[in-house]
file protein_21.txt (compact mmCIF, N, CA and C atoms)
# COMPACT_ATOMS: atom_id res chain seq x y z
N MET A 273 -10.62 3.24 -12.16
CA MET A 273 -11.42 2.75 -11.06
C MET A 273 -12.42 3.83 -10.69
N GLU A 274 -13.62 3.42 -10.35
CA GLU A 274 -14.67 4.38 -10.02
C GLU A 274 -14.40 5.08 -8.69
N LYS A 275 -14.86 6.31 -8.60
CA LYS A 275 -14.59 7.15 -7.43
C LYS A 275 -15.11 6.51 -6.14
N ALA A 276 -16.28 5.87 -6.17
CA ALA A 276 -16.84 5.25 -4.96
C ALA A 276 -15.92 4.15 -4.43
N LYS A 277 -15.32 3.36 -5.33
CA LYS A 277 -14.42 2.29 -4.91
C LYS A 277 -13.14 2.88 -4.34
N ILE A 278 -12.63 3.93 -4.95
CA ILE A 278 -11.44 4.61 -4.44
C ILE A 278 -11.71 5.12 -3.03
N GLN A 279 -12.84 5.78 -2.83
CA GLN A 279 -13.16 6.32 -1.51
C GLN A 279 -13.34 5.21 -0.47
N GLU A 280 -13.90 4.08 -0.88
CA GLU A 280 -14.03 2.94 0.03
C GLU A 280 -12.66 2.43 0.47
N LEU A 281 -11.75 2.30 -0.48
CA LEU A 281 -10.39 1.85 -0.14
C LEU A 281 -9.69 2.85 0.77
N ILE A 282 -9.89 4.13 0.52
CA ILE A 282 -9.29 5.16 1.37
C ILE A 282 -9.81 5.03 2.80
N GLN A 283 -11.09 4.84 2.96
CA GLN A 283 -11.67 4.70 4.30
C GLN A 283 -11.13 3.47 5.02
N VAL A 284 -10.99 2.37 4.31
CA VAL A 284 -10.43 1.15 4.91
C VAL A 284 -8.99 1.39 5.32
N ALA A 285 -8.20 2.01 4.44
CA ALA A 285 -6.79 2.28 4.75
C ALA A 285 -6.67 3.22 5.95
N MET A 286 -7.52 4.22 6.01
CA MET A 286 -7.47 5.16 7.14
C MET A 286 -7.78 4.44 8.46
N LYS A 287 -8.71 3.51 8.44
CA LYS A 287 -9.04 2.74 9.65
C LYS A 287 -7.84 1.90 10.09
N GLN A 288 -7.09 1.41 9.13
CA GLN A 288 -5.93 0.58 9.46
C GLN A 288 -4.85 1.35 10.23
N MET A 289 -4.83 2.65 10.06
CA MET A 289 -3.86 3.45 10.82
C MET A 289 -4.07 3.26 12.32
N ASP A 290 -5.30 2.97 12.74
CA ASP A 290 -5.58 2.74 14.16
C ASP A 290 -4.87 1.50 14.70
N TYR A 291 -4.56 0.56 13.83
CA TYR A 291 -3.91 -0.69 14.25
C TYR A 291 -2.39 -0.64 14.15
N ALA A 292 -1.87 0.41 13.56
CA ALA A 292 -0.42 0.51 13.38
C ALA A 292 0.28 0.54 14.74
N TYR A 293 1.48 -0.04 14.74
CA TYR A 293 2.33 -0.04 15.93
C TYR A 293 3.54 0.82 15.58
N ALA A 294 3.51 2.08 16.00
CA ALA A 294 4.55 3.03 15.62
C ALA A 294 5.03 3.85 16.82
N PRO A 295 5.53 3.17 17.88
CA PRO A 295 5.92 3.90 19.08
C PRO A 295 7.21 4.72 18.92
N TYR A 296 7.96 4.50 17.86
CA TYR A 296 9.25 5.19 17.70
C TYR A 296 9.13 6.38 16.75
N SER A 297 8.56 6.16 15.58
CA SER A 297 8.45 7.24 14.61
C SER A 297 7.17 8.05 14.78
N HIS A 298 6.15 7.44 15.38
CA HIS A 298 4.82 8.06 15.51
C HIS A 298 4.23 8.37 14.13
N PHE A 299 4.72 7.67 13.11
CA PHE A 299 4.20 7.79 11.75
C PHE A 299 3.38 6.54 11.47
N TYR A 300 2.08 6.72 11.36
CA TYR A 300 1.16 5.60 11.23
C TYR A 300 0.75 5.43 9.77
N VAL A 301 0.79 4.19 9.29
CA VAL A 301 0.45 3.90 7.90
C VAL A 301 -0.64 2.84 7.87
N GLY A 302 -1.61 3.07 7.01
CA GLY A 302 -2.65 2.09 6.75
C GLY A 302 -2.69 1.79 5.27
N ALA A 303 -3.02 0.54 4.94
CA ALA A 303 -3.09 0.13 3.54
C ALA A 303 -4.30 -0.75 3.31
N ALA A 304 -4.88 -0.62 2.13
CA ALA A 304 -5.98 -1.46 1.69
C ALA A 304 -5.66 -1.95 0.29
N LEU A 305 -5.43 -3.25 0.17
CA LEU A 305 -5.00 -3.88 -1.08
C LEU A 305 -6.19 -4.59 -1.71
N LEU A 306 -6.53 -4.21 -2.92
CA LEU A 306 -7.66 -4.79 -3.63
C LEU A 306 -7.18 -5.91 -4.56
N ALA A 307 -7.62 -7.12 -4.26
CA ALA A 307 -7.30 -8.26 -5.13
C ALA A 307 -8.25 -8.25 -6.32
N LYS A 308 -7.83 -8.89 -7.39
CA LYS A 308 -8.68 -8.94 -8.58
C LYS A 308 -9.99 -9.68 -8.33
N ASN A 309 -10.02 -10.55 -7.29
CA ASN A 309 -11.25 -11.27 -6.97
C ASN A 309 -12.21 -10.43 -6.13
N GLY A 310 -11.83 -9.17 -5.83
CA GLY A 310 -12.68 -8.25 -5.08
C GLY A 310 -12.41 -8.20 -3.59
N THR A 311 -11.60 -9.11 -3.08
CA THR A 311 -11.26 -9.12 -1.66
C THR A 311 -10.30 -7.98 -1.34
N VAL A 312 -10.49 -7.34 -0.19
CA VAL A 312 -9.59 -6.29 0.26
C VAL A 312 -8.77 -6.82 1.42
N TYR A 313 -7.47 -6.76 1.28
CA TYR A 313 -6.54 -7.17 2.34
C TYR A 313 -5.98 -5.91 2.97
N THR A 314 -5.92 -5.90 4.28
CA THR A 314 -5.50 -4.70 4.98
C THR A 314 -4.10 -4.87 5.57
N GLY A 315 -3.49 -3.73 5.86
CA GLY A 315 -2.18 -3.75 6.49
C GLY A 315 -1.91 -2.45 7.21
N CYS A 316 -0.99 -2.51 8.12
CA CYS A 316 -0.52 -1.33 8.84
C CYS A 316 0.97 -1.52 9.09
N ASN A 317 1.65 -0.42 9.42
CA ASN A 317 3.06 -0.55 9.71
C ASN A 317 3.24 -1.09 11.13
N ILE A 318 4.31 -1.86 11.29
CA ILE A 318 4.62 -2.49 12.57
C ILE A 318 6.11 -2.25 12.83
N GLU A 319 6.40 -1.35 13.78
CA GLU A 319 7.79 -1.01 14.07
C GLU A 319 8.40 -1.96 15.09
N ASN A 320 9.71 -1.90 15.17
CA ASN A 320 10.47 -2.72 16.11
C ASN A 320 11.62 -1.86 16.62
N ALA A 321 11.96 -2.03 17.88
CA ALA A 321 13.04 -1.23 18.48
C ALA A 321 14.36 -1.39 17.73
N ALA A 322 14.56 -2.52 17.07
CA ALA A 322 15.78 -2.75 16.30
C ALA A 322 15.68 -2.18 14.89
N TYR A 323 14.57 -1.58 14.54
CA TYR A 323 14.27 -0.94 13.25
C TYR A 323 14.27 -1.91 12.06
N GLY A 324 15.30 -2.68 11.85
CA GLY A 324 15.38 -3.58 10.71
C GLY A 324 14.19 -4.54 10.58
N PRO A 325 13.71 -5.11 11.67
CA PRO A 325 12.57 -6.03 11.58
C PRO A 325 11.22 -5.34 11.38
N SER A 326 11.20 -4.04 11.29
CA SER A 326 9.93 -3.32 11.08
C SER A 326 9.34 -3.68 9.71
N ASN A 327 8.03 -3.52 9.58
CA ASN A 327 7.36 -3.84 8.32
C ASN A 327 6.38 -2.74 7.97
N CYS A 328 6.37 -2.36 6.71
CA CYS A 328 5.47 -1.31 6.23
C CYS A 328 4.05 -1.84 6.07
N GLY A 329 3.10 -0.94 6.08
CA GLY A 329 1.70 -1.31 5.93
C GLY A 329 1.41 -1.98 4.59
N GLU A 330 2.03 -1.49 3.54
CA GLU A 330 1.80 -2.05 2.21
C GLU A 330 2.25 -3.51 2.15
N ARG A 331 3.44 -3.77 2.67
CA ARG A 331 3.95 -5.14 2.65
C ARG A 331 3.13 -6.04 3.57
N THR A 332 2.65 -5.51 4.68
CA THR A 332 1.80 -6.31 5.55
C THR A 332 0.58 -6.79 4.78
N ALA A 333 -0.06 -5.91 4.03
CA ALA A 333 -1.24 -6.28 3.25
C ALA A 333 -0.88 -7.33 2.18
N PHE A 334 0.21 -7.10 1.47
CA PHE A 334 0.62 -8.07 0.45
C PHE A 334 0.93 -9.43 1.05
N PHE A 335 1.65 -9.44 2.15
CA PHE A 335 2.04 -10.72 2.74
C PHE A 335 0.83 -11.47 3.29
N LYS A 336 -0.15 -10.74 3.83
CA LYS A 336 -1.38 -11.39 4.28
C LYS A 336 -2.08 -12.05 3.10
N ALA A 337 -2.20 -11.33 2.00
CA ALA A 337 -2.89 -11.87 0.82
C ALA A 337 -2.14 -13.07 0.25
N VAL A 338 -0.84 -12.93 0.07
CA VAL A 338 -0.06 -14.01 -0.52
C VAL A 338 -0.08 -15.24 0.39
N SER A 339 -0.05 -15.02 1.71
CA SER A 339 -0.08 -16.15 2.64
C SER A 339 -1.41 -16.89 2.60
N GLU A 340 -2.42 -16.27 2.00
CA GLU A 340 -3.73 -16.92 1.84
C GLU A 340 -3.94 -17.39 0.40
N GLY A 341 -2.88 -17.37 -0.40
CA GLY A 341 -2.94 -17.91 -1.75
C GLY A 341 -3.35 -16.94 -2.83
N VAL A 342 -3.48 -15.67 -2.52
CA VAL A 342 -3.91 -14.67 -3.50
C VAL A 342 -2.68 -13.97 -4.06
N ARG A 343 -2.61 -13.89 -5.39
CA ARG A 343 -1.45 -13.28 -6.04
C ARG A 343 -1.81 -12.37 -7.20
N ASP A 344 -3.09 -12.05 -7.35
CA ASP A 344 -3.53 -11.18 -8.43
C ASP A 344 -4.20 -9.94 -7.85
N PHE A 345 -3.62 -8.79 -8.12
CA PHE A 345 -4.07 -7.55 -7.49
C PHE A 345 -4.34 -6.47 -8.52
N SER A 346 -5.26 -5.57 -8.18
CA SER A 346 -5.57 -4.48 -9.10
C SER A 346 -5.21 -3.11 -8.54
N ALA A 347 -5.22 -2.94 -7.19
CA ALA A 347 -4.95 -1.60 -6.64
C ALA A 347 -4.58 -1.70 -5.16
N ILE A 348 -3.93 -0.66 -4.68
CA ILE A 348 -3.67 -0.50 -3.25
C ILE A 348 -3.86 0.97 -2.90
N CYS A 349 -4.40 1.20 -1.72
CA CYS A 349 -4.51 2.56 -1.20
C CYS A 349 -3.57 2.67 -0.01
N VAL A 350 -2.83 3.76 0.06
CA VAL A 350 -1.89 4.00 1.15
C VAL A 350 -2.16 5.37 1.75
N VAL A 351 -2.28 5.39 3.08
CA VAL A 351 -2.39 6.65 3.82
C VAL A 351 -1.38 6.60 4.96
N GLY A 352 -0.88 7.74 5.34
CA GLY A 352 0.06 7.76 6.45
C GLY A 352 0.28 9.16 6.95
N GLY A 353 0.63 9.23 8.24
CA GLY A 353 0.92 10.54 8.80
C GLY A 353 1.32 10.45 10.25
N LYS A 354 1.95 11.50 10.71
CA LYS A 354 2.34 11.60 12.12
C LYS A 354 1.10 11.59 12.99
N ASP A 355 1.15 10.79 14.04
CA ASP A 355 0.06 10.71 15.01
C ASP A 355 -1.31 10.52 14.36
N LYS A 356 -1.33 9.69 13.30
CA LYS A 356 -2.56 9.29 12.62
C LYS A 356 -3.28 10.43 11.91
N LYS A 357 -2.54 11.48 11.54
CA LYS A 357 -3.13 12.63 10.85
C LYS A 357 -2.40 12.87 9.54
N PRO A 358 -2.91 12.29 8.45
CA PRO A 358 -2.24 12.52 7.16
C PRO A 358 -2.25 13.99 6.77
N ALA A 359 -1.08 14.59 6.69
CA ALA A 359 -0.96 16.00 6.31
C ALA A 359 -0.48 16.15 4.88
N ARG A 360 -0.02 15.05 4.30
CA ARG A 360 0.45 15.04 2.92
C ARG A 360 0.39 13.61 2.41
N ILE A 361 0.65 13.44 1.15
CA ILE A 361 0.67 12.12 0.53
C ILE A 361 1.86 11.33 1.09
N ALA A 362 1.62 10.07 1.41
CA ALA A 362 2.69 9.18 1.88
C ALA A 362 2.87 8.08 0.82
N ALA A 363 3.89 8.22 0.02
CA ALA A 363 4.15 7.25 -1.05
C ALA A 363 4.87 6.02 -0.49
N PRO A 364 4.69 4.86 -1.12
CA PRO A 364 5.38 3.65 -0.67
C PRO A 364 6.89 3.78 -0.76
N CYS A 365 7.58 3.16 0.17
CA CYS A 365 9.04 3.16 0.14
C CYS A 365 9.53 2.28 -1.01
N GLY A 366 10.82 2.30 -1.25
CA GLY A 366 11.39 1.51 -2.33
C GLY A 366 11.19 0.01 -2.16
N VAL A 367 11.29 -0.49 -0.94
CA VAL A 367 11.10 -1.93 -0.70
C VAL A 367 9.66 -2.32 -1.03
N CYS A 368 8.70 -1.50 -0.61
CA CYS A 368 7.29 -1.79 -0.91
C CYS A 368 7.04 -1.75 -2.41
N ARG A 369 7.65 -0.82 -3.10
CA ARG A 369 7.49 -0.74 -4.55
C ARG A 369 8.02 -2.01 -5.21
N GLN A 370 9.13 -2.52 -4.68
CA GLN A 370 9.72 -3.74 -5.23
C GLN A 370 8.80 -4.94 -4.99
N VAL A 371 8.17 -5.01 -3.83
CA VAL A 371 7.21 -6.09 -3.55
C VAL A 371 6.03 -5.99 -4.51
N MET A 372 5.56 -4.77 -4.75
CA MET A 372 4.47 -4.59 -5.72
C MET A 372 4.90 -5.08 -7.09
N MET A 373 6.12 -4.80 -7.47
CA MET A 373 6.63 -5.22 -8.77
C MET A 373 6.62 -6.74 -8.90
N GLU A 374 6.81 -7.43 -7.81
CA GLU A 374 6.82 -8.90 -7.82
C GLU A 374 5.45 -9.47 -8.17
N PHE A 375 4.40 -8.83 -7.70
CA PHE A 375 3.06 -9.41 -7.81
C PHE A 375 2.10 -8.65 -8.73
N CYS A 376 2.48 -7.51 -9.24
CA CYS A 376 1.54 -6.67 -9.97
C CYS A 376 2.06 -6.28 -11.34
N ASP A 377 1.13 -6.08 -12.25
CA ASP A 377 1.48 -5.59 -13.58
C ASP A 377 1.71 -4.08 -13.46
N PRO A 378 2.93 -3.61 -13.70
CA PRO A 378 3.22 -2.19 -13.51
C PRO A 378 2.41 -1.27 -14.42
N LYS A 379 1.90 -1.79 -15.53
CA LYS A 379 1.12 -0.97 -16.46
C LYS A 379 -0.33 -0.80 -16.01
N THR A 380 -0.84 -1.72 -15.19
CA THR A 380 -2.25 -1.66 -14.81
C THR A 380 -2.50 -1.50 -13.32
N PHE A 381 -1.55 -1.88 -12.47
CA PHE A 381 -1.75 -1.81 -11.02
C PHE A 381 -1.82 -0.35 -10.58
N GLU A 382 -2.91 -0.01 -9.89
CA GLU A 382 -3.13 1.37 -9.45
C GLU A 382 -2.74 1.55 -7.98
N ILE A 383 -2.10 2.66 -7.70
CA ILE A 383 -1.72 3.02 -6.34
C ILE A 383 -2.42 4.33 -6.01
N ILE A 384 -3.26 4.26 -4.98
CA ILE A 384 -4.02 5.43 -4.53
C ILE A 384 -3.28 6.01 -3.33
N LEU A 385 -2.80 7.20 -3.47
CA LEU A 385 -2.09 7.89 -2.40
C LEU A 385 -3.03 8.96 -1.87
N ALA A 386 -3.43 8.83 -0.60
CA ALA A 386 -4.51 9.68 -0.09
C ALA A 386 -4.17 10.35 1.22
N MET A 387 -4.79 11.51 1.40
CA MET A 387 -4.80 12.18 2.69
C MET A 387 -6.17 11.98 3.33
N ASP A 388 -7.21 11.95 2.49
CA ASP A 388 -8.58 11.67 2.92
C ASP A 388 -9.37 11.34 1.67
N THR A 389 -10.70 11.18 1.81
CA THR A 389 -11.50 10.75 0.66
C THR A 389 -11.65 11.82 -0.42
N GLU A 390 -11.27 13.02 -0.13
CA GLU A 390 -11.36 14.09 -1.13
C GLU A 390 -10.01 14.51 -1.69
N HIS A 391 -8.94 14.18 -1.00
CA HIS A 391 -7.59 14.59 -1.41
C HIS A 391 -6.73 13.35 -1.64
N TYR A 392 -6.62 12.98 -2.91
CA TYR A 392 -5.86 11.79 -3.26
C TYR A 392 -5.41 11.88 -4.72
N GLN A 393 -4.48 11.01 -5.06
CA GLN A 393 -4.07 10.88 -6.44
C GLN A 393 -3.90 9.40 -6.74
N VAL A 394 -4.16 9.05 -7.99
CA VAL A 394 -4.05 7.67 -8.43
C VAL A 394 -2.93 7.58 -9.46
N MET A 395 -2.03 6.64 -9.24
CA MET A 395 -0.90 6.45 -10.14
C MET A 395 -0.79 4.96 -10.49
N ARG A 396 -0.11 4.67 -11.54
CA ARG A 396 0.20 3.29 -11.89
C ARG A 396 1.60 2.97 -11.33
N LEU A 397 1.82 1.70 -11.06
CA LEU A 397 3.11 1.28 -10.50
C LEU A 397 4.27 1.72 -11.39
N GLU A 398 4.10 1.66 -12.70
CA GLU A 398 5.20 2.04 -13.59
C GLU A 398 5.59 3.51 -13.42
N GLU A 399 4.68 4.33 -12.93
CA GLU A 399 5.01 5.73 -12.67
C GLU A 399 5.84 5.89 -11.41
N LEU A 400 5.57 5.06 -10.40
CA LEU A 400 6.32 5.13 -9.15
C LEU A 400 7.62 4.34 -9.19
N LEU A 401 7.69 3.39 -10.10
CA LEU A 401 8.89 2.56 -10.20
C LEU A 401 9.24 2.35 -11.68
N PRO A 402 9.70 3.44 -12.33
CA PRO A 402 10.04 3.31 -13.75
C PRO A 402 11.22 2.34 -13.92
N MET A 403 11.14 1.56 -14.97
CA MET A 403 12.19 0.58 -15.27
C MET A 403 12.39 -0.38 -14.10
N GLY A 404 11.31 -0.74 -13.41
CA GLY A 404 11.40 -1.65 -12.27
C GLY A 404 11.88 -3.03 -12.67
N PHE A 405 12.54 -3.68 -11.74
CA PHE A 405 13.03 -5.04 -11.95
C PHE A 405 12.01 -6.01 -11.39
N GLY A 406 11.51 -6.88 -12.24
CA GLY A 406 10.49 -7.83 -11.82
C GLY A 406 10.69 -9.20 -12.43
N PRO A 407 9.73 -10.09 -12.23
CA PRO A 407 9.84 -11.46 -12.74
C PRO A 407 10.14 -11.54 -14.24
N ASP A 408 9.58 -10.60 -15.02
CA ASP A 408 9.82 -10.63 -16.47
C ASP A 408 11.29 -10.42 -16.82
N ASN A 409 12.05 -9.77 -15.94
CA ASN A 409 13.47 -9.57 -16.20
C ASN A 409 14.25 -10.87 -16.15
N LEU A 410 13.70 -11.88 -15.50
CA LEU A 410 14.39 -13.16 -15.36
C LEU A 410 13.97 -14.17 -16.41
N ALA A 411 12.99 -13.79 -17.26
CA ALA A 411 12.52 -14.69 -18.31
C ALA A 411 13.55 -14.76 -19.44
N ASP A 412 13.56 -15.88 -20.11
CA ASP A 412 14.49 -16.04 -21.24
C ASP A 412 14.13 -15.20 -22.41

call {"tool": "encode", "arguments": {"input": "protein_21.txt", "output": "structure tokens"}}
result
Amino acid sequence: MEKAKIQELIQVAMKQMDYAYAPYSHFYVGAALLAKNGTVYTGCNIENAAYGPSNCGERTAFFKAVSEGVRDFSAICVVGGKDKKPARIAAPCGVCRQVMMEFCDPKTFEIILAMDTEHYQVMRLEELLPMGFGPDNLAD
């Protein structure tokens, strides 16, 4: 993916941190999910006092896209940090990785982990979830 597109996704994800609801952990996450049709779906983390009903920013973006009929994705950018200040890379949790496995080709889907537009790394899903269990595992 070209650097300008990566930086655009990083900026969108960073803006999403402003919408996060994180009164308990104070760890704000923003996500920008790029569909293959060029549409960017956004997400942020949404906490709950009971913790279990909380939702990560990555899954929020995926669920928004899927609820609108989109199921083909090429990349996602994830940023996160205490009090909206990314101090290090915030990688997706295991549940988010599993959701990505459901909808994305692990060999081609790119995950951009960023602190800002100059400090980021790009990985493929298969690197973050080696030997992941997905729809192909259920095929005959």

call {"tool": "closest_atom_pairs", "arguments": {"input": "protein_21.txt", "of": "stretch 362-389 of chain A", "to": "stretch 305-315 of chain A", "cutoff": "12 Å", "atoms": "only C-alpha atoms", "output": "JSON lines"}}
result
{"residue": "A:Met372", "atom": "CA", "partner": "A:Leu305", "partner_atom": "CA", "distance": 10.6}
{"residue": "A:Phe375", "atom": "CA", "partner": "A:Ala307", "partner_atom": "CA", "distance": 10.8}
{"residue": "A:Cys376", "atom": "CA", "partner": "A:Ala307", "partner_atom": "CA", "distance": 10.2}
{"residue": "A:Asp377", "atom": "CA", "partner": "A:Lys308", "partner_atom": "CA", "distance": 11.8}
{"residue": "A:Thr380", "atom": "CA", "partner": "A:Lys308", "partner_atom": "CA", "distance": 11.5}
{"residue": "A:Phe381", "atom": "CA", "partner": "A:Leu306", "partner_atom": "CA", "distance": 9.9}
{"residue": "A:Glu382", "atom": "CA", "partner": "A:Leu306", "partner_atom": "CA", "distance": 9.6}
{"residue": "A:Ile383", "atom": "CA", "partner": "A:Leu305", "partner_atom": "CA", "distance": 9.3}
{"residue": "A:Ile384", "atom": "CA", "partner": "A:Leu305", "partner_atom": "CA", "distance": 10.0}

call {"tool": "write_last_selection", "arguments": {"input": "protein_21.txt", "atoms": "N, CA and C atoms", "output": "tab-separated table (two decimals), in the coordinates of the input"}}
result
chain	number	residue	atom	x	y	z
A	372	MET	N	5.56	-4.77	-4.75
A	372	MET	CA	4.47	-4.59	-5.72
A	372	MET	C	4.90	-5.08	-7.09
A	375	PHE	N	4.40	-8.83	-7.70
A	375	PHE	CA	3.06	-9.41	-7.81
A	375	PHE	C	2.10	-8.65	-8.73
A	376	CYS	N	2.48	-7.51	-9.24
A	376	CYS	CA	1.54	-6.67	-9.97
A	376	CYS	C	2.06	-6.28	-11.34
A	377	ASP	N	1.13	-6.08	-12.25
A	377	ASP	CA	1.48	-5.59	-13.58
A	377	ASP	C	1.71	-4.08	-13.46
A	380	THR	N	-0.84	-1.72	-15.19
A	380	THR	CA	-2.25	-1.66	-14.81
A	380	THR	C	-2.50	-1.50	-13.32
A	381	PHE	N	-1.55	-1.88	-12.47
A	381	PHE	CA	-1.75	-1.81	-11.02
A	381	PHE	C	-1.82	-0.35	-10.58
A	382	GLU	N	-2.91	-0.01	-9.89
A	382	GLU	CA	-3.13	1.37	-9.45
A	382	GLU	C	-2.74	1.55	-7.98
A	383	ILE	N	-2.10	2.66	-7.70
A	383	ILE	CA	-1.72	3.02	-6.34
A	383	ILE	C	-2.42	4.33	-6.01
A	384	ILE	N	-3.26	4.26	-4.98
A	384	ILE	CA	-4.02	5.43	-4.53
A	384	ILE	C	-3.28	6.01	-3.33

call {"tool": "select_by_dssp", "arguments": {"input": "protein_21.txt", "residues": "chain A", "states": "strand (DSSP E)", "output": "ChimeraX atom specification"}}
result
/A:299-307,312-316,345-354,382-386,392-396

call {"tool": "atom_distance", "arguments": {"input": "protein_21.txt", "atom1": "atom CA of A:Glu374", "atom2": "atom CA of A:Asn327"}}
result
16.9 Å

call {"tool": "closest_residue", "arguments": {"input": "protein_21.txt", "among": "A:Pro378, A:Met387, A:Pro325, A:Glu319", "to": "A:Val350", "atoms": "only N, CA and C atoms"}}
result
A:Met387

call {"tool": "atom_distance", "arguments": {"input": "protein_21.txt", "atom1": "atom C of A:His391", "atom2": "atom CA of A:Ala303"}}
result
14.7 Å

call {"tool": "atom_distance", "arguments": {"input": "protein_21.txt", "atom1": "atom C of A:Leu401", "atom2": "atom C of A:Gly366"}}
result
10.0 Å

call {"tool": "closest_residue", "arguments": {"input": "protein_21.txt", "among": "A:Arg360, A:Val367, A:Ala276, A:Leu385", "to": "A:Ile348", "atoms": "only N, CA and C atoms"}}
result
A:Leu385

call {"tool": "closest_residue", "arguments": {"input": "protein_21.txt", "among": "A:Ala294, A:Ala386, A:Val338, A:Ala359", "to": "A:Leu281", "atoms": "only C-alpha atoms"}}
result
A:Ala386

call {"tool": "residues_around", "arguments": {"input": "protein_21.txt", "residues": "A:Lys354", "least_positions_apart": "3", "cutoff": "8 Å", "atoms": "only N, CA and C atoms", "output": "NGL selection string"}}
result
:A and (297-301 or 357-360)

call {"tool": "write_last_selection", "arguments": {"input": "protein_21.txt", "atoms": "N, CA and C atoms", "output": "PDB file, keeping the file's coordinate frame"}}
result
ATOM      1  N   SER A 297       8.560   6.160  15.580  1.00  0.00           N
ATOM      2  CA  SER A 297       8.450   7.240  14.610  1.00  0.00           C
ATOM      3  C   SER A 297       7.170   8.050  14.780  1.00  0.00           C
ATOM      4  N   HIS A 298       6.150   7.440  15.380  1.00  0.00           N
ATOM      5  CA  HIS A 298       4.820   8.060  15.510  1.00  0.00           C
ATOM      6  C   HIS A 298       4.230   8.370  14.130  1.00  0.00           C
ATOM      7  N   PHE A 299       4.720   7.670  13.110  1.00  0.00           N
ATOM      8  CA  PHE A 299       4.200   7.790  11.750  1.00  0.00           C
ATOM      9  C   PHE A 299       3.380   6.540  11.470  1.00  0.00           C
ATOM     10  N   TYR A 300       2.080   6.720  11.360  1.00  0.00           N
ATOM     11  CA  TYR A 300       1.160   5.600  11.230  1.00  0.00           C
ATOM     12  C   TYR A 300       0.750   5.430   9.770  1.00  0.00           C
ATOM     13  N   VAL A 301       0.790   4.190   9.290  1.00  0.00           N
ATOM     14  CA  VAL A 301       0.450   3.900   7.900  1.00  0.00           C
ATOM     15  C   VAL A 301      -0.640   2.840   7.870  1.00  0.00           C
ATOM     16  N   LYS A 357      -2.540  11.480  11.540  1.00  0.00           N
ATOM     17  CA  LYS A 357      -3.130  12.630  10.850  1.00  0.00           C
ATOM     18  C   LYS A 357      -2.400  12.870   9.540  1.00  0.00           C
ATOM     19  N   PRO A 358      -2.910  12.290   8.450  1.00  0.00           N
ATOM     20  CA  PRO A 358      -2.240  12.520   7.160  1.00  0.00           C
ATOM     21  C   PRO A 358      -2.250  13.990   6.770  1.00  0.00           C
ATOM     22  N   ALA A 359      -1.080  14.590   6.690  1.00  0.00           N
ATOM     23  CA  ALA A 359      -0.960  16.000   6.310  1.00  0.00           C
ATOM     24  C   ALA A 359      -0.480  16.150   4.880  1.00  0.00           C
ATOM     25  N   ARG A 360      -0.020  15.050   4.300  1.00  0.00           N
ATOM     26  CA  ARG A 360       0.450  15.040   2.920  1.00  0.00           C
ATOM     27  C   ARG A 360       0.390  13.610   2.410  1.00  0.00           C
TER      28      ARG A 360
END

call {"tool": "decode", "arguments": {"input": "protein_21.txt", "residues": "stretch 289-326 of chain A", "atoms": "C-alpha atoms", "output": "JSON list (two decimals), in the first residue's frame"}}
result
[["chain", "number", "residue", "atom", "x", "y", "z"],
["A", 289, "MET", "CA", -9.80, 8.03, 19.38],
["A", 290, "ASP", "CA", -11.77, 11.22, 20.14],
["A", 291, "TYR", "CA", -15.02, 9.23, 19.95],
["A", 292, "ALA", "CA", -13.88, 6.35, 22.14],
["A", 293, "TYR", "CA", -15.76, 5.73, 25.37],
["A", 294, "ALA", "CA", -13.10, 4.58, 27.82],
["A", 295, "PRO", "CA", -13.99, 5.89, 31.30],
["A", 296, "TYR", "CA", -12.54, 2.84, 33.08],
["A", 297, "SER", "CA", -9.26, 2.00, 31.36],
["A", 298, "HIS", "CA", -8.60, 5.47, 29.89],
["A", 299, "PHE", "CA", -7.10, 3.55, 26.95],
["A", 300, "TYR", "CA", -8.54, 5.00, 23.76],
["A", 301, "VAL", "CA", -8.51, 3.09, 20.49],
["A", 302, "GLY", "CA", -9.33, 4.29, 17.00],
["A", 303, "ALA", "CA", -9.60, 2.17, 13.87],
["A", 304, "ALA", "CA", -9.93, 2.84, 10.16],
["A", 305, "LEU", "CA", -10.93, -0.17, 8.06],
["A", 306, "LEU", "CA", -10.37, 0.03, 4.31],
["A", 307, "ALA", "CA", -12.83, -1.96, 2.22],
["A", 308, "LYS", "CA", -11.76, -3.22, -1.19],
["A", 309, "ASN", "CA", -14.33, -0.83, -2.74],
["A", 310, "GLY", "CA", -12.34, 2.11, -1.26],
["A", 311, "THR", "CA", -14.77, 2.96, 1.54],
["A", 312, "VAL", "CA", -13.25, 3.55, 4.98],
["A", 313, "TYR", "CA", -15.25, 2.34, 7.98],
["A", 314, "THR", "CA", -14.32, 3.76, 11.34],
["A", 315, "GLY", "CA", -14.45, 2.42, 14.85],
["A", 316, "CYS", "CA", -13.50, 3.19, 18.41],
["A", 317, "ASN", "CA", -13.52, 1.21, 21.62],
["A", 318, "ILE", "CA", -16.66, 1.37, 23.74],
["A", 319, "GLU", "CA", -16.31, 0.25, 27.35],
["A", 320, "ASN", "CA", -18.99, -0.89, 29.76],
["A", 321, "ALA", "CA", -18.96, -1.01, 33.55],
["A", 322, "ALA", "CA", -19.60, -4.76, 33.34],
["A", 323, "TYR", "CA", -16.49, -5.10, 31.08],
["A", 324, "GLY", "CA", -17.81, -8.12, 29.13],
["A", 325, "PRO", "CA", -20.12, -6.04, 26.90],
["A", 326, "SER", "CA", -17.24, -3.74, 25.91]]
